[in-house]
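J.: Pasting coords_14.pdb here (PDB, C-alpha atoms and all ligand atoms):
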ATOM      1  CA  MET A 616       0.000   0.000   0.000
ATOM      2  CA  LEU A 617       1.271   3.380  -0.948
ATOM      3  CA  ASN A 618       1.184   5.765   1.951
ATOM      4  CA  LYS A 619       3.267   8.612   0.700
ATOM      5  CA  LYS A 620       2.055  11.959   1.931
ATOM      6  CA  PHE A 621       2.072  14.913  -0.383
ATOM      7  CA  MET A 622       3.585  17.780   1.529
ATOM      8  CA  PHE A 623       3.630  21.378   0.370
ATOM      9  CA  LYS A 624       5.098  24.519   1.821
ATOM     10  CA  CYS A 625       2.672  27.321   2.525
ATOM     11  CA  PRO A 626       3.934  30.399   0.652
ATOM     12  CA  VAL A 627       2.557  32.731   3.315
ATOM     13  CA  CYS A 628       3.708  31.247   6.647
ATOM     14  CA  GLY A 629       6.301  28.750   5.419
ATOM     15  CA  ASN A 630       4.768  25.819   7.299
ATOM     16  CA  GLU A 631       4.343  22.460   5.634
ATOM     17  CA  TYR A 632       0.889  21.100   5.050
ATOM     18  CA  GLN A 633      -0.421  17.823   3.703
ATOM     19  CA  HIS A 634      -2.461  17.794   0.535
ATOM     20  CA  GLY A 635      -3.311  14.191  -0.115
ATOM     21  CA  PRO A 636      -3.958  11.411   0.225
ATOM     22  CA  GLN A 637      -7.047  11.548   2.464
ATOM     23  CA  ILE A 638      -6.036  14.778   4.185
ATOM     24  CA  TYR A 639      -6.315  17.895   2.043
ATOM     25  CA  GLU A 640      -5.167  20.965   3.912
ATOM     26  CA  GLY A 641      -4.308  23.209   0.996
ATOM     27  CA  ARG A 642      -6.710  26.037   0.214
ATOM     28  CA  THR A 643      -6.796  27.994  -3.006
ATOM     29  CA  CYS A 644      -6.659  31.756  -2.847
ATOM     30  CA  SER A 645      -8.166  32.897  -6.089
ATOM     31  CA  GLY A 646      -6.710  36.087  -7.442
ATOM     32  CA  TYR A 647      -3.317  35.388  -5.913
ATOM     33  CA  ASP A 648      -3.337  32.008  -7.676
ATOM     34  CA  ILE A 649      -1.686  30.229  -4.750
ATOM     35  CA  GLU A 650      -2.450  27.411  -2.341
ATOM     36  CA  VAL A 651      -1.970  28.172   1.326
ATOM     37  CA  CYS A 652      -2.264  26.075   4.464
ATOM     38  CA  GLU A 653      -5.584  25.684   6.203
ATOM     39  CA  THR A 654      -4.398  27.749   9.180
ATOM     40  CA  CYS A 655      -3.520  30.767   7.060
ATOM     41  CA  TYR A 656      -6.751  30.435   5.125
ATOM     42  CA  ASP A 657      -8.982  30.156   8.161
ATOM     43  CA  CYS A 658      -7.201  32.771  10.255
ATOM     44  CA  ASN A 659      -7.362  35.366   7.508
ATOM     45  CA  TRP A 660     -10.971  34.799   6.464
ATOM     46  CA  ASP A 661     -11.847  38.505   6.439
ATOM     47  CA  SER A 662      -8.554  39.774   4.978
ATOM     48  CA  TRP A 663      -4.827  39.124   5.174
ATOM     49  CA  ASN A 664      -2.973  40.292   8.256
ATOM     50  CA  SER A 665      -0.312  42.904   7.690
ATOM     51  CA  GLU A 666       2.531  40.413   8.257
ATOM     52  CA  ALA A 667       1.442  38.413   5.205
ATOM     53  CA  GLU A 668       1.194  41.474   2.987
ATOM     54  CA  GLU A 669       4.799  41.742   1.886
ATOM     55  CA  THR A 670       4.832  38.089   0.803
ATOM     56  CA  LEU A 671       1.513  38.343  -1.031
ATOM     57  CA  LEU A 672       2.456  41.544  -2.851
ATOM     58  CA  ALA A 673       5.720  39.903  -3.947
ATOM     59  CA  ILE A 674       3.771  36.892  -5.257
ATOM     60  CA  LEU A 675       1.443  39.164  -7.230
ATOM     61  CA  GLU A 676       4.334  41.146  -8.631
ATOM     62  CA  GLU A 677       6.090  37.978  -9.733
ATOM     63  CA  LYS A 678       2.933  36.857 -11.550
ATOM     64  CA  GLY A 679       2.378  40.296 -13.043
ATOM     65  CA  THR A 680      -0.995  40.623 -11.305
ATOM     66  CA  GLU A 681      -2.266  44.001 -10.158
ATOM     67  CA  PRO A 682      -2.824  44.010  -6.367
ATOM     68  CA  PRO A 683      -6.532  43.962  -5.436
ATOM     69  CA  GLU A 684      -8.360  46.850  -3.878
ATOM     70  CA  ARG A 685      -7.950  46.911  -0.117
ATOM     71  CA  ASN A 686     -10.975  46.496   2.103
ATOM     72  CA  ASP A 687     -12.359  49.274   4.309
ATOM     73  CA  LYS A 688      -9.820  48.418   7.033
ATOM     74  CA  GLY A 689      -6.978  48.819   4.571
ATOM     75  CA  PHE A 690      -6.078  45.137   4.280
ATOM     76  CA  LEU A 691      -5.744  42.889   1.275
ATOM     77  CA  PRO A 692      -8.716  40.540   0.677
ATOM     78  CA  ARG A 693      -8.138  36.787   1.004
ATOM     79  CA  ASN A 694      -9.569  36.123  -2.452
ATOM     80  CA  PHE A 695     -10.393  38.486  -5.242
TER      81      PHE A 695
HETATM   82 ZN    ZN B   1       0.246  29.071   6.040
END
Once you've parsed the file, please lay out its structure as structure tokens.
T.:
Amino acid sequence: MLNKKFMFKCPVCGNEYQHGPQIYEGRTCSGYDIEVCETCYDCNWDSWNSEAEETLLAILEEKGTEPPERNDKGFLPRNF
């Protein structure tokens, strides 16, 4: 029986998460076109915290994507 876990590194917090088989902890952030760990996804449900901003803006720049409009608190949305 194959029981290899598929581990990925969260681009936001740097932690490893499992995405298969059976456990799927990666979450897609549309707009940024990235998969992040469940913790980052759930903890930033209303918008990204300021510590994640630098990383996310660098990811967008690398992809040539215009940063999204910030919400009324001045933070980047989780998806856009
Ligand atoms: Zn994370």
J.: On this file, the PyMOL selection byres (((not hetatm)) within 12 of (chain B and resi 1)) gives some set of residues; write that set as JSON, numbers by chain.
T.: {"A": [623, 624, 625, 626, 627, 628, 629, 630, 631, 632, 633, 640, 641, 642, 643, 644, 649, 650, 651, 652, 653, 654, 655, 656, 657, 658, 659, 663, 664, 666, 667, 670, 671]}
J.: How would you write, as a list in words, the residues chosen by the PyMOL selection byres (((chain A and resi 682-692) around 8) and not hetatm) on this structure?
T.: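 That selection, the PyMOL selection byres (((chain A and resi 682-692) around 8) and not hetatm), comes back as Asp661, Ser662, Trp663, Asn664, Ser665, Glu668, Leu672, Leu675, Thr680, Glu681, Arg693, Asn694 and Phe695 of chain A.
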J.: Between CA of Trp660 (chain A) and CA of Glu677 (chain A), measure the distance and give it in Å to one decimal.
T.: 23.7 Å
J.: Any idea what the distance is between CA of Ile674 (chain A) and CA of Asp648 (chain A)?
T.: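 Distance reported for this atom pair: 9.0 Å.
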J.: Draw an axis-aligned box over all listed atoms of region 618-621 of chain A, pad each side with 4 Å, and write its centre and edge lengths in Å, one decimal, as AutoDock Vina command-line options.
T.:
--center_x 2.2 --center_y 10.3 --center_z 0.8 --size_x 10.1 --size_y 17.1 --size_z 10.3
